[in-house]
file coords-v6.cif (mmCIF, C-alpha atoms and all ligand atoms)
data_start
loop_
_atom_site.label_atom_id
_atom_site.label_comp_id
_atom_site.auth_asym_id
_atom_site.auth_seq_id
_atom_site.Cartn_x
_atom_site.Cartn_y
_atom_site.Cartn_z
CA MET J 1 0.00 0.00 0.00
CA ASN J 2 1.55 3.33 -1.01
CA GLU J 3 1.40 6.55 1.03
CA LEU J 4 -1.72 7.92 -0.65
CA GLU J 5 -3.54 4.62 -0.25
CA SER J 6 -2.63 4.74 3.45
CA VAL J 7 -4.05 8.26 3.70
CA ARG J 8 -7.22 7.02 2.01
CA GLU J 9 -7.61 4.25 4.57
CA ILE J 10 -7.08 6.75 7.41
CA ILE J 11 -9.76 9.05 5.96
CA ILE J 12 -12.20 6.17 5.34
CA SER J 13 -11.82 4.96 8.91
CA ALA J 14 -12.44 8.45 10.32
CA VAL J 15 -15.38 9.13 7.98
CA LYS J 16 -17.08 5.83 8.79
CA GLU J 17 -16.78 6.58 12.52
CA ALA J 18 -18.05 10.13 11.99
CA SER J 19 -21.05 8.89 10.04
CA VAL J 20 -22.47 7.39 13.25
CA ILE J 21 -22.90 10.96 14.54
CA MET J 22 -24.89 11.77 11.39
CA MET J 23 -27.04 8.65 11.50
CA GLU J 24 -27.84 8.96 15.22
CA ALA J 25 -28.80 12.65 14.89
CA HIS J 26 -32.14 13.65 16.38
CA GLY J 27 -33.90 16.92 17.12
CA ILE J 28 -31.91 18.52 14.29
CA ILE J 29 -32.10 22.33 14.48
CA ALA J 30 -31.07 24.47 11.50
CA GLU J 31 -29.05 27.56 12.38
CA ALA J 32 -28.93 30.26 9.66
CA LYS J 33 -25.43 31.36 8.61
CA SER J 34 -25.49 33.90 5.73
CA GLY J 35 -29.26 33.47 5.46
CA LYS J 36 -32.04 30.91 5.98
CA ARG J 37 -30.93 29.01 2.86
CA ASP J 38 -27.39 28.65 4.22
CA VAL J 39 -27.73 26.55 7.34
CA VAL J 40 -25.55 24.64 9.78
CA THR J 41 -26.40 22.23 12.61
CA GLU J 42 -24.67 21.05 15.76
CA TYR J 43 -24.02 17.81 13.85
CA ASP J 44 -22.02 19.61 11.14
CA ARG J 45 -19.80 21.01 13.90
CA LYS J 46 -19.59 17.72 15.81
CA ILE J 47 -18.58 15.78 12.70
CA GLN J 48 -16.01 18.39 11.69
CA LEU J 49 -14.42 18.43 15.16
CA PHE J 50 -14.41 14.63 15.24
CA LEU J 51 -12.76 14.36 11.82
CA GLU J 52 -10.15 17.00 12.66
CA SER J 53 -9.32 15.17 15.88
CA ARG J 54 -9.02 11.74 14.25
CA LEU J 55 -7.04 13.03 11.27
CA ARG J 56 -4.67 15.06 13.44
CA GLU J 57 -3.92 11.92 15.44
CA ARG J 58 -2.89 10.10 12.28
CA ALA J 59 -1.38 13.05 10.41
CA PRO J 60 0.22 15.42 12.92
CA GLY J 61 1.11 18.76 11.34
CA ALA J 62 -1.54 18.53 8.64
CA GLU J 63 -3.56 21.66 7.89
CA PHE J 64 -7.34 21.84 7.61
CA PHE J 65 -9.64 23.79 5.30
CA CYS J 66 -13.19 23.17 6.50
CA GLU J 67 -16.68 24.54 5.98
CA GLU J 68 -17.51 25.27 9.58
CA MET J 69 -15.83 27.41 12.24
CA GLY J 70 -13.78 29.45 9.82
CA HIS J 71 -10.74 27.34 9.19
CA SER J 72 -8.40 28.74 6.62
CA CYS J 73 -4.92 27.56 5.72
CA ASP J 74 -2.21 27.45 3.08
CA LEU J 75 -3.78 25.27 0.39
CA ASN J 76 -0.28 24.62 -0.98
CA ALA J 77 1.00 23.11 2.27
CA ALA J 78 2.42 19.60 2.29
CA HIS J 79 -0.69 18.02 3.82
CA VAL J 80 -4.12 19.64 3.71
CA PHE J 81 -7.46 18.01 4.56
CA ILE J 82 -10.44 19.76 2.93
CA ILE J 83 -13.59 18.86 4.83
CA ASP J 84 -17.32 19.31 4.31
CA PRO J 85 -18.65 17.56 7.40
CA ILE J 86 -22.17 17.28 6.02
CA ASP J 87 -22.62 18.11 2.34
CA GLY J 88 -26.33 18.51 1.73
CA THR J 89 -27.07 20.07 5.09
CA MET J 90 -30.46 21.37 3.94
CA ASN J 91 -31.46 17.80 3.05
CA PHE J 92 -30.15 16.60 6.42
CA VAL J 93 -32.28 19.19 8.25
CA HIS J 94 -35.42 18.19 6.33
CA GLY J 95 -34.97 14.43 6.59
CA MET J 96 -34.23 13.99 2.89
CA HIS J 97 -31.61 11.25 2.83
CA SER J 98 -29.29 12.80 0.27
CA SER J 99 -26.28 14.01 2.26
CA CYS J 100 -22.73 12.83 2.71
CA ILE J 101 -19.41 13.44 4.41
CA SER J 102 -16.75 14.72 2.03
CA VAL J 103 -13.01 14.73 2.78
CA GLY J 104 -10.38 15.73 0.24
CA TYR J 105 -6.63 15.59 0.80
CA ALA J 106 -4.15 17.72 -1.13
CA ARG J 107 -0.38 17.59 -1.21
CA TYR J 108 1.28 20.90 -2.15
CA GLY J 109 -1.99 22.05 -3.74
CA ILE J 110 -2.57 18.87 -5.77
CA PRO J 111 -5.79 16.92 -4.96
CA SER J 112 -4.39 13.50 -4.07
CA VAL J 113 -7.09 11.60 -2.15
CA GLY J 114 -10.87 11.97 -2.21
CA VAL J 115 -13.44 10.24 0.01
CA VAL J 116 -17.20 10.82 -0.11
CA TYR J 117 -19.43 8.68 2.09
CA ASP J 118 -23.23 8.53 1.85
CA PRO J 119 -24.22 6.71 5.07
CA TYR J 120 -27.87 6.43 4.06
CA MET J 121 -27.00 4.32 1.02
CA ASP J 122 -23.79 2.96 2.59
CA GLU J 123 -21.96 4.10 -0.56
CA LEU J 124 -18.33 5.01 -0.14
CA PHE J 125 -16.76 6.73 -3.13
CA SER J 126 -12.99 7.15 -3.11
CA ALA J 127 -9.98 7.85 -5.28
CA VAL J 128 -6.25 8.33 -4.99
CA LEU J 129 -4.24 10.28 -7.57
CA GLY J 130 -3.26 7.89 -10.34
CA GLY J 131 -5.07 4.99 -8.67
CA GLY J 132 -8.54 5.15 -10.19
CA ALA J 133 -11.90 5.70 -8.52
CA ALA J 134 -14.05 3.19 -6.63
CA LEU J 135 -17.48 2.72 -5.12
CA ASN J 136 -17.31 0.39 -2.10
CA GLY J 137 -14.03 -0.89 -3.49
CA ALA J 138 -15.27 -1.64 -7.04
CA PRO J 139 -13.90 0.46 -9.94
CA ILE J 140 -16.20 3.15 -11.35
CA HIS J 141 -16.07 5.03 -14.64
CA ALA J 142 -17.67 8.18 -15.93
CA SER J 143 -20.14 7.69 -18.80
CA GLU J 144 -18.81 7.96 -22.34
CA ALA J 145 -22.35 8.44 -23.72
CA PRO J 146 -23.47 11.63 -25.46
CA LEU J 147 -25.31 14.11 -23.23
CA SER J 148 -28.51 13.31 -25.13
CA ASP J 149 -28.33 9.74 -23.79
CA THR J 150 -27.66 10.66 -20.16
CA LEU J 151 -29.23 12.38 -17.16
CA LEU J 152 -28.00 15.87 -16.28
CA SER J 153 -27.71 16.95 -12.65
CA PHE J 154 -27.35 20.52 -11.47
CA GLY J 155 -27.16 22.62 -8.34
CA SER J 156 -29.24 25.74 -7.81
CA SER J 157 -26.70 27.75 -5.75
CA PRO J 158 -29.37 28.64 -3.18
CA TYR J 159 -26.99 30.91 -1.27
CA ASN J 160 -26.72 33.06 -4.40
CA PRO J 161 -30.16 33.80 -5.87
CA GLU J 162 -28.52 36.38 -8.13
CA LEU J 163 -27.27 33.37 -10.11
CA ALA J 164 -30.78 31.98 -10.69
CA ASP J 165 -31.22 33.46 -14.17
CA ALA J 166 -27.85 32.12 -15.33
CA THR J 167 -28.56 28.69 -13.82
CA PHE J 168 -32.04 28.22 -15.24
CA THR J 169 -31.25 29.78 -18.62
CA MET J 170 -28.44 27.24 -18.99
CA LEU J 171 -30.66 24.46 -17.66
CA ARG J 172 -33.44 25.28 -20.15
CA ARG J 173 -30.96 25.05 -23.03
CA LEU J 174 -29.65 21.70 -21.79
CA TYR J 175 -33.00 20.21 -20.70
CA THR J 176 -34.09 19.29 -24.23
CA ASN J 177 -30.63 17.90 -25.00
CA CYS J 178 -30.46 15.27 -22.24
CA LEU J 179 -32.74 12.47 -21.01
CA ASP J 180 -33.90 14.46 -17.95
CA ILE J 181 -32.56 16.64 -15.12
CA ARG J 182 -31.85 15.86 -11.48
CA ARG J 183 -31.09 18.02 -8.42
CA CYS J 184 -29.95 16.00 -5.39
CA GLY J 185 -28.87 18.86 -3.09
CA SER J 186 -25.33 17.62 -2.45
CA ALA J 187 -22.57 18.72 -4.80
CA ALA J 188 -20.26 15.97 -3.58
CA LEU J 189 -22.87 13.30 -4.34
CA ASP J 190 -23.58 14.89 -7.72
CA LEU J 191 -19.87 14.66 -8.56
CA CYS J 192 -19.81 11.01 -7.46
CA SER J 193 -22.84 10.33 -9.69
CA VAL J 194 -20.82 11.63 -12.64
CA ALA J 195 -17.87 9.44 -11.60
CA ALA J 196 -20.13 6.38 -11.37
CA GLY J 197 -21.72 7.04 -14.76
CA ARG J 198 -25.14 7.58 -13.19
CA VAL J 199 -25.39 11.03 -14.75
CA GLY J 200 -23.53 12.32 -17.79
CA ALA J 201 -22.81 15.81 -16.44
CA TYR J 202 -23.31 18.05 -13.42
CA PHE J 203 -22.98 21.81 -13.10
CA GLU J 204 -23.46 24.42 -10.41
CA MET J 205 -22.76 28.14 -10.68
CA GLN J 206 -21.28 28.69 -7.19
CA LEU J 207 -19.63 26.23 -4.82
CA SER J 208 -16.98 26.30 -2.13
CA LEU J 209 -13.80 24.24 -2.27
CA TRP J 210 -15.01 21.93 0.53
CA ASP J 211 -18.08 21.03 -1.60
CA TYR J 212 -15.99 19.66 -4.46
CA ALA J 213 -12.40 18.97 -3.37
CA ALA J 214 -12.97 15.23 -2.88
CA GLY J 215 -15.44 14.78 -5.74
CA LEU J 216 -13.12 16.57 -8.15
CA LEU J 217 -10.48 13.86 -7.84
CA ILE J 218 -13.06 11.05 -7.85
CA VAL J 219 -14.44 12.30 -11.19
CA GLN J 220 -10.98 12.74 -12.69
CA GLU J 221 -9.82 9.29 -11.59
CA ALA J 222 -13.04 7.83 -13.05
CA GLY J 223 -12.10 9.24 -16.45
CA GLY J 224 -14.24 12.35 -16.30
CA THR J 225 -13.28 16.01 -16.55
CA VAL J 226 -13.89 18.89 -14.14
CA THR J 227 -13.69 22.56 -15.11
CA HIS J 228 -15.44 25.77 -14.19
CA VAL J 229 -18.71 26.19 -16.12
CA ASP J 230 -16.97 28.48 -18.65
CA GLY J 231 -14.44 25.73 -19.37
CA SER J 232 -11.56 27.33 -17.46
CA PRO J 233 -9.42 25.08 -15.24
CA VAL J 234 -10.26 24.53 -11.57
CA MET J 235 -6.57 24.23 -10.69
CA PRO J 236 -4.78 25.63 -8.78
CA LEU J 237 -7.15 24.98 -5.86
CA SER J 238 -8.68 28.20 -4.59
CA ALA J 239 -10.41 29.29 -1.40
CA GLU J 240 -12.57 31.53 -3.59
CA LYS J 241 -16.06 30.29 -4.49
CA GLY J 242 -16.56 29.31 -8.11
CA SER J 243 -18.64 27.33 -10.58
CA ILE J 244 -18.13 23.65 -11.29
CA LEU J 245 -18.84 21.51 -14.37
CA ALA J 246 -18.10 17.78 -14.32
CA ALA J 247 -18.80 15.35 -17.16
CA GLY J 248 -17.73 12.32 -19.14
CA SER J 249 -15.78 13.09 -22.29
CA GLN J 250 -18.63 13.11 -24.85
CA ALA J 251 -21.08 14.84 -22.51
CA MET J 252 -18.46 17.52 -21.88
CA ARG J 253 -18.06 18.12 -25.62
CA ASP J 254 -21.85 18.29 -26.00
CA PHE J 255 -22.19 20.66 -23.03
CA ARG J 256 -19.60 23.02 -24.47
CA ARG J 257 -21.21 22.97 -27.91
CA LEU J 258 -24.65 23.73 -26.49
CA VAL J 259 -23.55 26.38 -24.01
CA ASP J 260 -20.86 28.17 -26.00
CA ASN J 261 -23.06 28.66 -29.07
C1 LIG U 301 -24.42 22.50 -0.55
C2 LIG U 301 -24.05 21.88 -1.87
C3 LIG U 301 -25.20 22.07 -2.85
C4 LIG U 301 -25.39 23.52 -3.09
C5 LIG U 301 -25.69 24.22 -1.78
C6 LIG U 301 -24.64 23.95 -0.71
P1 LIG U 301 -23.66 22.26 1.98
O1 LIG U 301 -23.39 22.26 0.38
O2 LIG U 301 -23.72 20.54 -1.73
O3 LIG U 301 -24.96 21.44 -4.09
O4 LIG U 301 -26.43 23.73 -3.99
O5 LIG U 301 -25.73 25.59 -2.04
O6 LIG U 301 -23.43 24.57 -1.09
O7 LIG U 301 -23.86 23.71 2.34
O8 LIG U 301 -24.87 21.46 2.24
O9 LIG U 301 -22.41 21.70 2.59
#

call {"tool": "encode", "arguments": {"input": "coords-v6.cif", "output": "structure tokens"}}
result
Amino acid sequence: MNELESVREIIISAVKEASVIMMEAHGIIAEAKSGKRDVVTEYDRKIQLFLESRLRERAPGAEFFCEEMGHSCDLNAAHVFIIDPIDGTMNFVHGMHSSCISVGYARYGIPSVGVVYDPYMDELFSAVLGGGAALNGAPIHASEAPLSDTLLSFGSSPYNPELADATFTMLRRLYTNCLDIRRCGSAALDLCSVAAGRVGAYFEMQLSLWDYAAGLLIVQEAGGTVTHVDGSPVMPLSAEKGSILAAGSQAMRDFRRLVDN
């Protein structure tokens, strides 16, 4: 087992333990952050603190870039864990079982390990740089089908209603050029659906690094491509919010043709 595979195992172990906190949650209370569409719960904080504690034990000196409690760090440091303790918090609050724990790991700014765990479905998506992507240990591959033969998932950037026109204008153009659309409410799970070939493409106009750091590598290692929606590269990793587009090769070509014209 090489070093990155060891890091993956460390993350998987911590994430599986942390998922118990998520699955045993009760009396979930949504606390508004930037607004009532941007919420956090005590369970987001508990899971983040648990993961930081476990990962620090196994990787002393590592830095953390996390959604809750304002962690910021040098994203180009030797060892950085990028954590979304509950991706799909709004679903979690409303009892819609479409949420996950997402942990990315970067070495000197290069995404090197990604782990996304959906405890409701008991689906663990993972990847190491150069080692392929897997779902519960079995290899997964992004779809090679044309967009017209696949589902399209999207995110509605609910924290940024000023992006609604751009989102739904793009969606209307794509809607008649795919089989149907889906909106699951978790960017990390949407990215894993691209990696597993369940959907041909996914886009969202505004995300944070913790939403996509793990899923980015999982898509890439599954043979897919991830860019910003305008086609520009998502590397180097940035703490700034930005759009994300992930797709299999043919669906990406179709998306670009439909959107750029
Ligand atoms: C969410 C994303 C979702 C997006 C939401 C939010 P959170 O992450 O997974 O796709 O539409 O605005 O960013 O806040 O639940 O970790």

call {"tool": "closest_residue", "arguments": {"input": "coords-v6.cif", "among": "J:Ala106, J:Ala166, J:Leu124, J:Val15", "to": "J:Ile86", "atoms": "all atoms listed in the file"}}
result
J:Val15

call {"tool": "closest_residue", "arguments": {"input": "coords-v6.cif", "among": "J:Ala187, J:Cys73, J:Ala164, J:Val229", "to": "ligand LIG 301 (chain U)", "atoms": "all atoms listed in the file"}}
result
J:Ala187

call {"tool": "closest_residue", "arguments": {"input": "coords-v6.cif", "among": "J:Leu55, J:Leu245, J:Ala30, J:Ile101", "to": "J:Leu152", "atoms": "all atoms listed in the file"}}
result
J:Leu245

call {"tool": "residues_near_ligand", "arguments": {"input": "coords-v6.cif", "ligand": "ligand LIG 301 (chain U)", "cutoff": "6 Å", "atoms": "all atoms listed in the file", "output": "ChimeraX atom specification"}}
result
/J:84,86-90,155-159,185-187,207,211

call {"tool": "closest_residue", "arguments": {"input": "coords-v6.cif", "among": "J:Ser249, J:Gly131, J:Leu174, J:Thr225", "to": "J:Asn2", "atoms": "only C-alpha atoms"}}
result
J:Gly131

call {"tool": "closest_residue", "arguments": {"input": "coords-v6.cif", "among": "J:Leu258, J:Ala142, J:Val226, J:Met170", "to": "J:Ala246", "atoms": "only C-alpha atoms"}}
result
J:Val226

call {"tool": "closest_residue", "arguments": {"input": "coords-v6.cif", "among": "J:Glu42, J:Asp190, J:Glu63, J:Asp230", "to": "J:Tyr212", "atoms": "all atoms listed in the file"}}
result
J:Asp190

call {"tool": "atom_distance", "arguments": {"input": "coords-v6.cif", "atom1": "atom CA of J:Tyr108", "atom2": "atom CA of J:Ser238"}}
result
12.6 Å

call {"tool": "residues_near_point", "arguments": {"input": "coords-v6.cif", "point": "(-15.8, 30.0, 9.0)", "cutoff": "12 Å", "atoms": "all atoms listed in the file", "output": "PyMOL selection string"}}
result
chain J and resi 33-34+40+45+48+64-73+84+208+210+239

call {"tool": "write_last_selection", "arguments": {"input": "coords-v6.cif", "atoms": "C-alpha atoms", "output": "mmCIF file, in the coordinates of the input"}}
result
data_model
loop_
_atom_site.group_PDB
_atom_site.id
_atom_site.type_symbol
_atom_site.label_atom_id
_atom_site.label_comp_id
_atom_site.auth_asym_id
_atom_site.auth_seq_id
_atom_site.Cartn_x
_atom_site.Cartn_y
_atom_site.Cartn_z
ATOM 1 C CA LYS J 33 -25.430 31.360 8.610
ATOM 2 C CA SER J 34 -25.490 33.900 5.730
ATOM 3 C CA VAL J 40 -25.550 24.640 9.780
ATOM 4 C CA ARG J 45 -19.800 21.010 13.900
ATOM 5 C CA GLN J 48 -16.010 18.390 11.690
ATOM 6 C CA PHE J 64 -7.340 21.840 7.610
ATOM 7 C CA PHE J 65 -9.640 23.790 5.300
ATOM 8 C CA CYS J 66 -13.190 23.170 6.500
ATOM 9 C CA GLU J 67 -16.680 24.540 5.980
ATOM 10 C CA GLU J 68 -17.510 25.270 9.580
ATOM 11 C CA MET J 69 -15.830 27.410 12.240
ATOM 12 C CA GLY J 70 -13.780 29.450 9.820
ATOM 13 C CA HIS J 71 -10.740 27.340 9.190
ATOM 14 C CA SER J 72 -8.400 28.740 6.620
ATOM 15 C CA CYS J 73 -4.920 27.560 5.720
ATOM 16 C CA ASP J 84 -17.320 19.310 4.310
ATOM 17 C CA SER J 208 -16.980 26.300 -2.130
ATOM 18 C CA TRP J 210 -15.010 21.930 0.530
ATOM 19 C CA ALA J 239 -10.410 29.290 -1.400
#

call {"tool": "residues_near_point", "arguments": {"input": "coords-v6.cif", "point": "(-0.6, 15.2, 5.0)", "cutoff": "8 Å", "atoms": "all atoms listed in the file", "output": "list in words"}}
result
Val7, Ala59, Pro60, Gly61, Ala62, Glu63, Ala78, His79, Val80, Phe81, Tyr105, Ala106 and Arg107 of chain J

call {"tool": "write_last_selection", "arguments": {"input": "coords-v6.cif", "atoms": "C-alpha atoms", "output": "tab-separated table (two decimals), in the coordinates of the input"}}
result
chain	number	residue	atom	x	y	z
J	7	VAL	CA	-4.05	8.26	3.70
J	59	ALA	CA	-1.38	13.05	10.41
J	60	PRO	CA	0.22	15.42	12.92
J	61	GLY	CA	1.11	18.76	11.34
J	62	ALA	CA	-1.54	18.53	8.64
J	63	GLU	CA	-3.56	21.66	7.89
J	78	ALA	CA	2.42	19.60	2.29
J	79	HIS	CA	-0.69	18.02	3.82
J	80	VAL	CA	-4.12	19.64	3.71
J	81	PHE	CA	-7.46	18.01	4.56
J	105	TYR	CA	-6.63	15.59	0.80
J	106	ALA	CA	-4.15	17.72	-1.13
J	107	ARG	CA	-0.38	17.59	-1.21

call {"tool": "atom_distance", "arguments": {"input": "coords-v6.cif", "atom1": "atom CA of J:Ala127", "atom2": "atom CA of J:Leu189"}}
result
14.0 Å

call {"tool": "residues_around", "arguments": {"input": "coords-v6.cif", "residues": "J:Leu237", "least_positions_apart": "4", "cutoff": "10 Å", "atoms": "only C-alpha atoms", "output": "list in words"}}
result
Leu75, Asn76, Ala106, Gly109, Ile110, Pro111, Leu209, Ala213 and Pro233 of chain J

call {"tool": "atom_distance", "arguments": {"input": "coords-v6.cif", "atom1": "atom CA of J:Val115", "atom2": "atom CA of J:Tyr43"}}
result
19.0 Å

call {"tool": "residues_around", "arguments": {"input": "coords-v6.cif", "residues": "J:Gly130", "least_positions_apart": "6", "cutoff": "12 Å", "atoms": "only C-alpha atoms", "output": "list in words"}}
result
Asn2, Leu4, Glu5, Ile110, Pro111, Ser112, Val113, Gly114, Leu217, Ile218, Gln220, Glu221, Ala222 and Gly223 of chain J

call {"tool": "decode", "arguments": {"input": "coords-v6.cif", "residues": "stretch 123-133 of chain J", "atoms": "all heavy atoms", "output": "CSV table (one decimal), in the first residue's frame"}}
result
chain,number,residue,atom,x,y,z
J,123,GLU,N,-22.8,4.0,0.7
J,123,GLU,CA,-22.0,4.1,-0.6
J,123,GLU,C,-20.7,5.0,-0.3
J,123,GLU,O,-20.9,6.1,0.1
J,123,GLU,CB,-22.8,4.7,-1.7
J,123,GLU,CG,-23.8,3.7,-2.2
J,123,GLU,CD,-24.5,4.2,-3.5
J,123,GLU,OE1,-24.6,5.4,-3.7
J,123,GLU,OE2,-24.9,3.3,-4.3
J,124,LEU,N,-19.6,4.3,-0.4
J,124,LEU,CA,-18.3,5.0,-0.1
J,124,LEU,C,-17.6,5.2,-1.5
J,124,LEU,O,-17.1,4.2,-2.0
J,124,LEU,CB,-17.5,4.3,0.9
J,124,LEU,CG,-16.2,5.1,1.3
J,124,LEU,CD1,-16.1,5.1,2.8
J,124,LEU,CD2,-15.0,4.6,0.6
J,125,PHE,N,-17.5,6.4,-1.9
J,125,PHE,CA,-16.8,6.7,-3.1
J,125,PHE,C,-15.4,7.2,-2.7
J,125,PHE,O,-15.2,7.9,-1.8
J,125,PHE,CB,-17.5,7.8,-3.9
J,125,PHE,CG,-18.9,7.5,-4.4
J,125,PHE,CD1,-19.9,7.8,-3.5
J,125,PHE,CD2,-19.1,7.0,-5.6
J,125,PHE,CE1,-21.2,7.5,-4.0
J,125,PHE,CE2,-20.4,6.7,-6.0
J,125,PHE,CZ,-21.4,6.9,-5.2
J,126,SER,N,-14.3,6.7,-3.4
J,126,SER,CA,-13.0,7.1,-3.1
J,126,SER,C,-12.1,7.1,-4.3
J,126,SER,O,-12.4,6.5,-5.3
J,126,SER,CB,-12.4,6.2,-2.0
J,126,SER,OG,-12.2,4.9,-2.6
J,127,ALA,N,-11.0,7.8,-4.2
J,127,ALA,CA,-10.0,7.9,-5.3
J,127,ALA,C,-8.7,8.3,-4.7
J,127,ALA,O,-8.6,9.0,-3.7
J,127,ALA,CB,-10.4,8.8,-6.4
J,128,VAL,N,-7.6,7.8,-5.3
J,128,VAL,CA,-6.2,8.3,-5.0
J,128,VAL,C,-5.7,8.7,-6.3
J,128,VAL,O,-6.0,8.1,-7.4
J,128,VAL,CB,-5.3,7.3,-4.3
J,128,VAL,CG1,-5.8,7.0,-2.9
J,128,VAL,CG2,-5.1,6.1,-5.1
J,129,LEU,N,-4.8,9.8,-6.3
J,129,LEU,CA,-4.2,10.3,-7.6
J,129,LEU,C,-3.5,9.2,-8.3
J,129,LEU,O,-2.6,8.5,-7.7
J,129,LEU,CB,-3.3,11.4,-7.2
J,129,LEU,CG,-2.6,12.1,-8.4
J,129,LEU,CD1,-3.7,12.8,-9.3
J,129,LEU,CD2,-1.6,13.2,-7.9
J,130,GLY,N,-3.9,8.9,-9.5
J,130,GLY,CA,-3.3,7.9,-10.3
J,130,GLY,C,-3.7,6.5,-10.0
J,130,GLY,O,-3.2,5.5,-10.7
J,131,GLY,N,-4.7,6.3,-9.1
J,131,GLY,CA,-5.1,5.0,-8.7
J,131,GLY,C,-6.5,4.6,-9.0
J,131,GLY,O,-7.0,3.6,-8.6
J,132,GLY,N,-7.2,5.5,-9.8
J,132,GLY,CA,-8.5,5.1,-10.2
J,132,GLY,C,-9.5,5.5,-9.1
J,132,GLY,O,-9.1,6.0,-8.0
J,133,ALA,N,-10.8,5.4,-9.4
J,133,ALA,CA,-11.9,5.7,-8.5
J,133,ALA,C,-12.7,4.4,-8.2
J,133,ALA,O,-12.8,3.5,-9.1
J,133,ALA,CB,-12.8,6.8,-9.1
